[in-house]
Every structure is written in structure tokens, then in C-alpha cells.
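Okay, so here's the structure we're looking at.
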Amino acid sequence: MDGYMGKILCVDLTAGELRNEPVNEEYVRDYVGGSGLAVRYLWDLVGPDTDPLGPDNPLLFFTGPLTGTGGPSVGRFTVCARSPRTGLWGESNCGGFWGPELRFAGYDGLLITGQASKPVYLWVQDGRVELRDASHLWGQTDTYATQTAIREELGQPRAQVMAIGSAGERMIPLANIITGHGRAAGRTGMGAVMGSKNLKAITVRGTGKLPLADPERYRELRRRINRELKEHPRSIGQRMAGSAAGAEFFDMFGSLTARYFTRGQFPAVGQVSGAAMAETILTGISACHGCVIACGRRVAVTEGPYAGSEIDGPEYETICGFGPQLLIDDLAAITHLGHLCDCCGLDTISTSGTIAFAFYLFDQGIVGPQDTGGLKLAWGDAEAAARLIELLVQQDGFGALLAQGSLALGRYFGVEELAVQVNGQEVAYHDPRAFSSMALVYATSPRGACHNQSDYYMVEFGQTDDELGIPLLDKRQEEGKAAHVAVHQDWRSVCNSLVLCIFAAVPVSDVVALFNAATGREWDIAETLRAGRRIWNLKRAFNCRLGLTRANERLPRLLLQPLADGPTEGYVPDLDVMLREYYAVRGWDPETGKPTRETLAGLGLGFAAGEFT
Ligand code: SF4
């Protein structure tokens, strides 16, 4: 099976058993790798009775056939399970060096079940595998220190470590998993699933070669595509200013939201943008394995209350979440808040979203000092935000409410409709009032509100794609957009299966050529998109089996309130119009939103049809 290592490591933590299993060739053929392969495996293993934080919820770490090849921005992998955040499909995509190292160690993925009787970490080295005691690491709050401690303990300075922090240990559903220089499997609470298994970390080291079908052809393609990618204007911008390079641009369109989604613009955006970082606290850049873009930031704050040593700097979502959303205009403070989350192992989007919601409720008089333990939550107060992160991780008082996320917080105070989330997951910082497509993207994402299952806002900015047949339409257009969003989702399903970074502006035909050179297949774009559609529909079927209905697909109230001024003034997207079209395009029942039997059968998913229709 060219392109794949051919085996996965199955770990039963309850029994302490470790065994190799050949990767299922039929699944690989139809689902590519990464999250596509993961949903096919999890389809057989997860049902409505599976407790997301119980021993029966398998936790999968899957690479793709391009992971570690040095191709364009493909040093990535996915972490998947039933999500404790949403109760639905859980998926998180992560960079760094861990995924390539797992492949070099001989595995396409890990399938972890059960629950260890005491804290452990997994050590994988060139096919040799071992569970080791992690009792001395449990309770060590810093995900960075955990990585260092394990490397030193093993005497393996080049080993790659994925670790949970105190948030994951405490099974907080906002918990992520951190590796390397601040790379996070951030969304859907995968850190909590890992914590529920008493699994502190997974460490990998490998020296093997990747089995490419046509290494010569792959090398040629990789060289040219990496060269072109490096010179692409978007890559240059990201290298210079990180993923927040577009902050001012997003703000100009009203896409960067502020004051918990109640303002369409942030006047101080120039103080917190990627450009501002480059001019003030930036000390260096970092890249995931083999990536020529290098969007990672190294920063050092040298004066003021947040002065300290060099750390990883915030990316766009963290900046927006802890900056404009809280009306904090101090980049040093935002950096500090992001770093607190990285150390504890918290998803910065969901954490900032929940904290900004608390500020909003305080502002509205729904939450008061009597609820927060006397803490005043005034817009712009970074110290109060930092205190809330501490309380959240400790699950102390008001923090215990925050730890369950914004939907639970809203429910507690009787205002759940005000929480800006979809299916329990906080909305990322790309306002659908700026780009109508994002209403559909958020509503139909299989993992709750998500901008990575389709970053269609980039299309609305002008990043159209002739090869995918995706044109530039008016940003407020609703009719006629759903079909293009669906194609884009299918394409991103392929990217999340290969696993390719969505920041990489690589032509579709080049990605398909790389895939073919790696695996020996002869797919064209249509066949590749068909695989993406299959994966998207199986994730949909997975969610329908877990109880997702048409009623789940709605936007929170605040996103349906027009803003009085700014670039989005007076506009809210009509989600119903787009959803009606979308269901028709997808071949889903217009009343229930479930894929029809014909749709599933046409994609080779007939096995899923009887499970929920
Ligand atoms: S663009 Fe950034 S996140 Fe994506 S692979 Fe490169 S360094 Fe990693």
C-alpha cells in the first residue's frame, strides 16, 4: 500500500495491551487518511451509548499519506473521537513535528481505548512501544515542562511529545493537546478525552523512510510546489506577520468581531494585528515540519506587567478572542492570555469565547459580582480575564461554570440563546454578517461551529478556485452559494485527510498530483472531490446516529442581530434560504437534514443507511 506505513498501533489502556494491526486497505482506499480514515474507523466503534469521557470512546491519532513527506505544509495529523464538547463528531487538526515522527516510527495512526488505572504516557520508538508511569507528571500544569521532562527522562532530545495540561487531566471539555512550539489539537475537547484515559502524553521517535509510490516524481513536484508556495503573496504575508497578517483586512470587512460579537469593528486593530506584533514583540518565526510558510511566532515582552522570557506568540483566533472580543488592545496582555491557555492545555477559541460571554453577561447585568466571587468583569480588563482562566482550570466557584463552556454558562443563567456557539462549540472569529457563507459553514460543520471544515471566508475575500468551479459571489448573496460551499467543504475534507494545512495556497491539481505520486493512484479532481463528499457524508451520518437533527442547524441569536454601524451594518444572513439549497445539493432530506439512502448508496456508504434513517 504505497504512501502508507501499513499499520496502526492499538492501545488498550485498561488491559495495558499494545498491538499492531494492519491498516484497513479498503478504508484507506475510500477515505484517504487523517480525519477521513478516522471517521470510517470510528463508525464501527462509536454509538449513541458511547460516553465521550468513558473508556469505550476510542481516541484516534491519524496521519495522512502526505504527512512528513516535506510536501507543501503537510506535517500534520488529526485527533478524533466522540467529542465531550458537542457530543458529536470530534476532530482536531494539528501541526508541529509529532505526526511526521509517528510515521517515521512506522505507524499511520494510533487507536487508543480503555482507561489506565494510573497516569501513564505512551512511548513509541521505531516500532517499539511501551506504556510508562506518568504519576510524577500528572498535576504538572505546564504542557511545555511536560514535554521537556519526558525527553530528558527518556534521554531522547529529538523525540516529539504531545501532552495534555491540567485542563485535560481534569477532563474540562475545552481542553486541547499541545505539541512542540505551541501547536495544538485545539477544538472539540480532545484533551479531555485523553485525560479521561489517564493518558498524560504520547511520545514518538522514528528514523524510518516513507514508502512513496514514485519518489522521483514526488520530489520533483514537492520542489516546484514548495518554491511556488514560498513565493505566494499569502505565504509571504503569513511568514512576515503570522496568521494575524490579515487582521486589519478582516476588520475592514467587519469579519473580525469585537465585544462579544456585538461590534463589527475594532478601532485599535492596528495595535494587536500581526503587523503590530512584527513591529513590537516578535523575536523569531517557527514552522511545522517541512513547511515553507512558517506562520508560527516567537515573541518576547520586555517591559511592563507581562515582561518575561521568549514564548510562542498568538495566532489570529487567539488575538481576536482575547483582544477585540474583550476590548483588550494590549498585545502583551493578549499574548499572556494565550500563553496561559497553552500552558494549561486549553483551546483558545472556546476559552476566549466563554470568557467573553461572561464579560458580556456581566455587562448586561445578568451576571454580577455575587456570581463571580466578587470579580468585576469590565471590558478591556486583561487581569480579570487572566483570573477567569485560572478559575476555569481550577473549576473553582464561577470557574466551574466556565469550564463547561458558554452554552452551559448561558443555560445556568437562563439565557442559553445568547451563547455564541453551534452544537455546543464556540464560534470562531469570522462573522457571518460579513460573509453570508459563514452562516452555512458554521451551521453545517460536523464538529460544531468551525471555520476549518471550510474556510469559505477566504473565498469571499477573493481566493476563488477555478479548478473547483468556485467563483466570487457577492458577500451578502445567499441564493446560489450553497453548492459552492458544499464543494469547498468536500475539498477541505480531502485536505483534512491528506493532511494538508488550510493556510497553504496550493493549486488543487497540484495537491492531487502529490497524492497520486505518493500513493500510486490515478485520481483526477472529480474522483478526489468524490472522496471528500463521501467523508463529509459519513461524518454527517455519524452525527445523525448520535442524535443530530435539522433543529441543530441554527445560528445563535447574537449573530442574527444586525449591527447598527460598521461594515456589516443592518445585514444578517438568511440561513434558511441557504440551508434549503444546501440540503438539495447534498441530497439530504429537507425536513430532517439526514442523508437519504440514495445519497449514501451513491457514495458507497450504503452500510450507514440503516443506522439512523
Ligand atoms: S502554515 Fe503555519 S500552521 Fe500551517 S503547516 Fe505551515 S507553519 Fe504549520
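By convention here, the chains of the C-alpha cells are called A, B, ... in the order presented, each chain's residues are numbered starting at 1, and ligands are numbered starting at 1 in the order presented.
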Could you list, as a list in words, all residues that come within 8 Å of ligand 1? Count only C-alpha atoms and all ligand atoms.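 The neighbouring residues of ligand 1 are, in order, Pro72, Ser73, Val74, Gly75, Arg76, Cys94, Gly95, Gly96, Arg183, Ser235, Gln238, Gly242, Ser243, Ser286, Ala287, Cys288, His289, Gly290, Cys291, Val292, Ile293, Ala294, Cys295, Gly296, Leu500, Cys501, Ile502, Phe503 and Ala504 of chain A.
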Please identify the alpha helix (DSSP H) residues within region 452-526 of chain A (assignment by DSSP from backbone atoms) and present them as a PyMOL selection string. chain A and resi 456-460+482-498+508-519+525-526
Please identify every residue of region 232-326 of chain A that has at least one atom no farther than 12 Å from an atom of region 470-485 of chain A, counting only C-alpha atoms, and for each give the shortest atom pair and the distance in Å to one decimal, arranged by chain then increasing number, as CSV.
residue,atom,partner,partner_atom,distance
A:Phe253,CA,A:Lys475,CA,9.8
A:Gly254,CA,A:Lys475,CA,11.5
A:Ser255,CA,A:Lys475,CA,11.0
Could the residues of region 157-261 of chain A that have an atom at most 12 Å from region 451-460 of chain A be listed as JSON lines, each with its closest atom pair and the distance in Å to one decimal, counting only C-alpha atoms and ordered by chain and ascending residue number?
{"residue": "A:Gly186", "atom": "CA", "partner": "A:Asn452", "partner_atom": "CA", "distance": 11.6}
{"residue": "A:Arg187", "atom": "CA", "partner": "A:Asn452", "partner_atom": "CA", "distance": 10.3}
{"residue": "A:Arg234", "atom": "CA", "partner": "A:Met458", "partner_atom": "CA", "distance": 11.0}
{"residue": "A:Gly246", "atom": "CA", "partner": "A:Met458", "partner_atom": "CA", "distance": 10.5}
{"residue": "A:Phe249", "atom": "CA", "partner": "A:Met458", "partner_atom": "CA", "distance": 11.3}
{"residue": "A:Phe250", "atom": "CA", "partner": "A:Tyr457", "partner_atom": "CA", "distance": 9.6}
{"residue": "A:Phe253", "atom": "CA", "partner": "A:Glu460", "partner_atom": "CA", "distance": 10.3}
{"residue": "A:Gly254", "atom": "CA", "partner": "A:Tyr457", "partner_atom": "CA", "distance": 11.7}
{"residue": "A:Ser255", "atom": "CA", "partner": "A:Tyr457", "partner_atom": "CA", "distance": 8.6}
{"residue": "A:Leu256", "atom": "CA", "partner": "A:Tyr457", "partner_atom": "CA", "distance": 11.1}
One decimal, in Å: what's the spacing between CA of Ala443 (chain A) and CA of Pro324 (chain A)? 23.5 Å
Would you work out the distance separating CA of Ala386 (chain A) from CA of Leu337 (chain A), expressed in Å to one decimal? 6.1 Å
Glu569 (chain A): which residues within 10 Å, counting only C-alpha atoms, same-chain residues fewer than 5 positions away excluded, as a PyMOL selection string? chain A and resi 254+263-264+433-434+562-564
Take the selection from the previous step and output its residues with C-alpha atoms, as an mmCIF file, in the first residue's frame.
data_model
loop_
_atom_site.group_PDB
_atom_site.id
_atom_site.type_symbol
_atom_site.label_atom_id
_atom_site.label_comp_id
_atom_site.auth_asym_id
_atom_site.auth_seq_id
_atom_site.Cartn_x
_atom_site.Cartn_y
_atom_site.Cartn_z
ATOM 1 C CA GLY A 254 -16.435 43.512 9.646
ATOM 2 C CA ARG A 263 -19.433 45.229 17.283
ATOM 3 C CA GLY A 264 -18.325 44.770 13.715
ATOM 4 C CA ARG A 433 -22.758 39.039 8.964
ATOM 5 C CA ALA A 434 -19.662 39.961 6.946
ATOM 6 C CA PRO A 562 -27.897 43.295 12.701
ATOM 7 C CA LEU A 563 -25.237 45.711 13.893
ATOM 8 C CA ALA A 564 -26.145 49.392 13.942
#
Excluding same-chain residues fewer than 5 positions from Leu42 (chain A), what lies within 12 Å of it counting only C-alpha atoms, as a PyMOL selection string? chain A and resi 27+35-37+47+50+56-62+79-83+88-91+111-113+538-539+541-543
Find the residues near Asp524 (chain A): any atom within 8 Å, counting only C-alpha atoms, skip ones fewer than 2 places away on the same chain, and give them as an MDAnalysis selection string. chainID A and resid 509 512 522 526:528
Residue subset to file, keeping N, CA and C atoms, as an mmCIF file, in the first residue's frame:
data_model
loop_
_atom_site.group_PDB
_atom_site.id
_atom_site.type_symbol
_atom_site.label_atom_id
_atom_site.label_comp_id
_atom_site.auth_asym_id
_atom_site.auth_seq_id
_atom_site.Cartn_x
_atom_site.Cartn_y
_atom_site.Cartn_z
ATOM 1 N N SER A 509 -4.997 20.921 -8.431
ATOM 2 C CA SER A 509 -4.415 19.880 -9.306
ATOM 3 C C SER A 509 -3.037 19.462 -8.794
ATOM 4 N N VAL A 512 -3.606 17.026 -5.912
ATOM 5 C CA VAL A 512 -3.997 15.707 -6.440
ATOM 6 C C VAL A 512 -2.772 15.000 -7.028
ATOM 7 N N GLU A 522 -4.394 7.080 -9.566
ATOM 8 C CA GLU A 522 -4.519 7.949 -10.746
ATOM 9 C C GLU A 522 -5.824 8.726 -10.651
ATOM 10 N N ALA A 526 -12.150 15.251 -9.922
ATOM 11 C CA ALA A 526 -13.520 14.794 -9.653
ATOM 12 C C ALA A 526 -13.511 13.608 -8.686
ATOM 13 N N GLU A 527 -12.619 12.677 -8.916
ATOM 14 C CA GLU A 527 -12.548 11.492 -8.036
ATOM 15 C C GLU A 527 -12.133 11.898 -6.610
ATOM 16 N N THR A 528 -11.212 12.856 -6.551
ATOM 17 C CA THR A 528 -10.749 13.317 -5.242
ATOM 18 C C THR A 528 -11.888 14.005 -4.480
#
